[in-house]
Amino acid sequence: MSELTVAARYAKSIIDLAQEQNLVEPVKTDMELFLHTLKANPELKAVLANPIVSHSKKVKIIEEVFGKKINKVSLAFFTLMVNKSRGEVLYATAGEYVNMYDIKNNIVHASVVSATALSDANQKKMIADIMAATGGTVKLETKVDPALIGGFVLTVGDRQVDTSISSDLHKLKKEFAKRAASN
């Protein structure tokens, strides 16, 4: 079974438990903290995934790093996962929990890369357009890439809209090469 499938099953179980105990929000916050911490500390992620490191050491590490910062339900879940030899899927499980939370709450993640920083008015208009198209709450991440020359590349889920000048220039270059080759 793939790691993502296993992680999704564990995430479903923790989200169900969190719902029973009215702790969905705090557990989500804990999972985001866990993801952020492991992303910032790849050594910690490697230790938790390493089958050679004993369960007791992993549990002690989790308690030291997260014990006072996270909910008891989240801590118990992490401990259970480690004791069941599932430390390697902790990171993916936390990510799946956040994804499931977003799906249940109709939160859409979008990213836009533009040649220059978008104005507040442009960001608001883009969020409004995405909300109208998806019907969900939008979390928009913005990045600047001067290589685009002008325009933007918007990604929402698995869809992408590319209005960048560099993309248009690339298409023209291909078209010219195609015509030159056919002549």
# chains A, B, ... in the order shown; residues from 1 in each chain; ligands from 1
>>> residues_around(residues="A:Tyr101", least_positions_apart="5", cutoff="10 Å", atoms="only C-alpha atoms", output="VMD selection string")
chain A and resid 11 to 12 15 24 to 25 28 95 to 96 106 to 107
>>> select_by_dssp(residues="stretch 60-134 of chain A", states="strand (DSSP E or B)", output="number ranges by chain")
A: 107-114
>>> residues_around(residues="A:Val108", least_positions_apart="2", cutoff="6 Å", atoms="only C-alpha atoms", output="PyMOL selection string")
chain A and resi 136-138
>>> select_by_dssp(residues="stretch 2-67 of chain A", states="alpha helix (DSSP H)", output="VMD selection string")
chain A and resid 3 to 20 24 to 40 42 to 49 55 to 66
>>> residues_around(residues="A:Ile52", least_positions_apart="5", cutoff="12 Å", atoms="only C-alpha atoms", output="ChimeraX atom specification")
/A:46-47,57-58,85,87-88
>>> write_last_selection(atoms="N, CA and C atoms", output="PDB file, in the first residue's frame")
ATOM      1  N   ALA A  46      13.803  12.794   9.424  1.00  0.00           N
ATOM      2  CA  ALA A  46      14.558  11.575   9.136  1.00  0.00           C
ATOM      3  C   ALA A  46      14.604  10.646  10.348  1.00  0.00           C
ATOM      4  N   VAL A  47      14.781  11.211  11.539  1.00  0.00           N
ATOM      5  CA  VAL A  47      14.838  10.396  12.760  1.00  0.00           C
ATOM      6  C   VAL A  47      13.498   9.698  12.984  1.00  0.00           C
ATOM      7  N   LYS A  57      12.785   6.201  21.961  1.00  0.00           N
ATOM      8  CA  LYS A  57      13.527   7.434  21.657  1.00  0.00           C
ATOM      9  C   LYS A  57      12.675   8.385  20.831  1.00  0.00           C
ATOM     10  N   LYS A  58      11.956   7.853  19.860  1.00  0.00           N
ATOM     11  CA  LYS A  58      11.097   8.691  19.019  1.00  0.00           C
ATOM     12  C   LYS A  58       9.998   9.341  19.850  1.00  0.00           C
ATOM     13  N   SER A  85       4.961   1.394  14.792  1.00  0.00           N
ATOM     14  CA  SER A  85       5.985   1.380  13.727  1.00  0.00           C
ATOM     15  C   SER A  85       5.529   2.125  12.479  1.00  0.00           C
ATOM     16  N   GLY A  87       6.117   5.588  12.176  1.00  0.00           N
ATOM     17  CA  GLY A  87       6.791   6.878  12.237  1.00  0.00           C
ATOM     18  C   GLY A  87       7.092   7.453  10.868  1.00  0.00           C
ATOM     19  N   GLU A  88       7.304   6.569   9.887  1.00  0.00           N
ATOM     20  CA  GLU A  88       7.644   7.036   8.542  1.00  0.00           C
ATOM     21  C   GLU A  88       6.481   7.716   7.831  1.00  0.00           C
TER      22      GLU A  88
END
>>> closest_residue(among="A:Ala94, A:Leu172, A:Thr142, A:Thr29", to="A:Ile70", atoms="only C-alpha atoms")
A:Thr29
>>> residues_around(residues="stretch 128-134 of chain A", least_positions_apart="6", cutoff="12 Å", atoms="only C-alpha atoms", output="PyMOL selection string")
chain A and resi 106-112+121-122+140+154-157+159+161
>>> atom_distance(atom1="atom CA of A:Asn22", atom2="atom CA of A:Phe78")
18.6 Å
>>> residues_around(residues="A:Ser56", least_positions_apart="2", cutoff="12 Å", atoms="only C-alpha atoms", output="ChimeraX atom specification")
/A:48,51-54,58-63,79-85,87
>>> write_last_selection(atoms="all heavy atoms", output="compact mmCIF listing (two decimals), in the first residue's frame")
# COMPACT_ATOMS: atom_id res chain seq x y z
N LEU A 48 12.39 10.42 12.82
CA LEU A 48 11.07 9.83 13.04
C LEU A 48 10.75 8.74 12.02
O LEU A 48 10.02 7.80 12.33
CB LEU A 48 9.98 10.91 13.01
CG LEU A 48 10.02 11.92 14.17
CD1 LEU A 48 8.97 13.00 13.97
CD2 LEU A 48 9.83 11.23 15.51
N PRO A 51 13.70 3.41 10.85
CA PRO A 51 13.28 2.22 11.60
C PRO A 51 14.34 1.75 12.62
O PRO A 51 14.02 0.98 13.52
CB PRO A 51 13.06 1.17 10.51
CG PRO A 51 13.85 1.64 9.34
CD PRO A 51 13.94 3.13 9.44
N ILE A 52 15.55 2.22 12.49
CA ILE A 52 16.63 1.80 13.41
C ILE A 52 16.50 2.50 14.77
O ILE A 52 16.81 1.92 15.80
CB ILE A 52 18.01 2.08 12.78
CG1 ILE A 52 18.17 1.22 11.52
CG2 ILE A 52 19.12 1.82 13.77
CD1 ILE A 52 19.39 1.54 10.70
N VAL A 53 15.97 3.74 14.77
CA VAL A 53 15.79 4.48 16.02
C VAL A 53 14.63 3.84 16.79
O VAL A 53 13.56 3.59 16.23
CB VAL A 53 15.50 5.98 15.74
CG1 VAL A 53 15.26 6.74 17.04
CG2 VAL A 53 16.64 6.61 14.96
N SER A 54 14.85 3.57 18.07
CA SER A 54 13.84 2.88 18.88
C SER A 54 12.57 3.72 19.06
O SER A 54 12.62 4.95 19.02
CB SER A 54 14.41 2.53 20.26
OG SER A 54 14.56 3.70 21.03
N LYS A 58 11.96 7.85 19.86
CA LYS A 58 11.10 8.69 19.02
C LYS A 58 10.00 9.34 19.85
O LYS A 58 9.71 10.53 19.69
CB LYS A 58 10.48 7.86 17.88
CG LYS A 58 11.46 7.43 16.82
CD LYS A 58 10.76 6.59 15.77
CE LYS A 58 11.73 6.02 14.76
NZ LYS A 58 11.06 5.20 13.75
N VAL A 59 9.38 8.56 20.74
CA VAL A 59 8.33 9.10 21.59
C VAL A 59 8.89 10.19 22.49
O VAL A 59 8.27 11.26 22.65
CB VAL A 59 7.67 7.97 22.43
CG1 VAL A 59 6.77 8.55 23.52
CG2 VAL A 59 6.88 7.03 21.53
N LYS A 60 10.08 9.96 23.03
CA LYS A 60 10.70 10.96 23.90
C LYS A 60 10.99 12.24 23.11
O LYS A 60 10.76 13.34 23.61
CB LYS A 60 11.98 10.40 24.51
CG LYS A 60 12.59 11.29 25.55
CD LYS A 60 13.71 10.61 26.29
CE LYS A 60 14.26 11.61 27.28
NZ LYS A 60 14.58 11.04 28.56
N ILE A 61 11.47 12.10 21.89
CA ILE A 61 11.74 13.26 21.04
C ILE A 61 10.45 14.03 20.77
O ILE A 61 10.41 15.26 20.89
CB ILE A 61 12.42 12.83 19.71
CG1 ILE A 61 13.84 12.35 19.98
CG2 ILE A 61 12.41 13.96 18.70
CD1 ILE A 61 14.50 11.64 18.80
N ILE A 62 9.38 13.32 20.42
CA ILE A 62 8.10 13.97 20.14
C ILE A 62 7.61 14.71 21.38
O ILE A 62 7.15 15.85 21.30
CB ILE A 62 7.05 12.95 19.63
CG1 ILE A 62 7.41 12.50 18.21
CG2 ILE A 62 5.64 13.54 19.66
CD1 ILE A 62 6.57 11.37 17.68
N GLU A 63 7.71 14.05 22.52
CA GLU A 63 7.27 14.69 23.77
C GLU A 63 8.10 15.93 24.09
O GLU A 63 7.57 16.93 24.54
CB GLU A 63 7.32 13.69 24.93
CG GLU A 63 6.23 12.66 24.85
CD GLU A 63 6.36 11.56 25.90
OE1 GLU A 63 7.39 11.49 26.60
OE2 GLU A 63 5.41 10.75 26.00
N THR A 79 2.23 9.42 19.38
CA THR A 79 2.83 8.34 20.17
C THR A 79 2.34 6.99 19.69
O THR A 79 3.13 6.05 19.53
CB THR A 79 2.49 8.55 21.67
OG1 THR A 79 2.98 9.82 22.07
CG2 THR A 79 3.12 7.47 22.53
N LEU A 80 1.04 6.86 19.47
CA LEU A 80 0.47 5.61 18.98
C LEU A 80 1.07 5.23 17.63
O LEU A 80 1.43 4.06 17.41
CB LEU A 80 -1.05 5.73 18.86
CG LEU A 80 -1.78 4.51 18.31
CD1 LEU A 80 -1.71 3.35 19.29
CD2 LEU A 80 -3.23 4.86 18.00
N MET A 81 1.17 6.20 16.74
CA MET A 81 1.74 5.95 15.41
C MET A 81 3.18 5.42 15.52
O MET A 81 3.55 4.47 14.84
CB MET A 81 1.71 7.22 14.56
CG MET A 81 0.34 7.68 14.15
SD MET A 81 -0.36 6.74 12.80
CE MET A 81 0.65 7.30 11.45
N VAL A 82 3.96 6.05 16.37
CA VAL A 82 5.36 5.61 16.55
C VAL A 82 5.39 4.20 17.13
O VAL A 82 6.15 3.35 16.66
CB VAL A 82 6.14 6.60 17.43
CG1 VAL A 82 7.46 6.02 17.88
CG2 VAL A 82 6.36 7.92 16.69
N ASN A 83 4.57 3.95 18.14
CA ASN A 83 4.56 2.63 18.78
C ASN A 83 4.05 1.53 17.86
O ASN A 83 4.34 0.37 18.07
CB ASN A 83 3.76 2.66 20.08
CG ASN A 83 4.51 3.40 21.18
OD1 ASN A 83 5.74 3.41 21.21
ND2 ASN A 83 3.77 4.03 22.07
N LYS A 84 3.29 1.89 16.84
CA LYS A 84 2.80 0.93 15.85
C LYS A 84 3.74 0.85 14.64
O LYS A 84 3.36 0.36 13.57
CB LYS A 84 1.39 1.33 15.36
CG LYS A 84 0.33 1.23 16.41
CD LYS A 84 -0.08 -0.19 16.61
CE LYS A 84 -1.26 -0.26 17.55
NZ LYS A 84 -1.62 -1.63 17.84
N SER A 85 4.96 1.39 14.79
CA SER A 85 5.99 1.38 13.73
C SER A 85 5.53 2.13 12.48
O SER A 85 5.81 1.72 11.35
CB SER A 85 6.38 -0.06 13.37
OG SER A 85 6.90 -0.70 14.49
N GLY A 87 6.12 5.59 12.18
CA GLY A 87 6.79 6.88 12.24
C GLY A 87 7.09 7.45 10.87
O GLY A 87 7.10 8.67 10.67
>>> residues_around(residues="A:Ile149", least_positions_apart="2", cutoff="9 Å", atoms="only C-alpha atoms", output="PyMOL selection string")
chain A and resi 114-116+145-147+151+164-166
>>> closest_residue(among="A:Val144, A:Ala40, A:Met100, A:Ile127", to="A:Val113", atoms="only C-alpha atoms")
A:Val144
>>> atom_distance(atom1="atom CA of A:Asn105", atom2="atom CA of A:Lys139")
12.2 Å
>>> closest_residue(among="A:Lys124, A:Lys174, A:Lys69, A:His55", to="A:Met31", atoms="only C-alpha atoms")
A:Lys69
>>> closest_residue(among="A:Tyr91, A:Phe152, A:Tyr97, A:Tyr10", to="A:Ser167", atoms="only C-alpha atoms")
A:Phe152
>>> closest_residue(among="A:Ala117, A:Thr93, A:Leu23, A:Leu35", to="A:Asn71", atoms="only C-alpha atoms")
A:Leu23
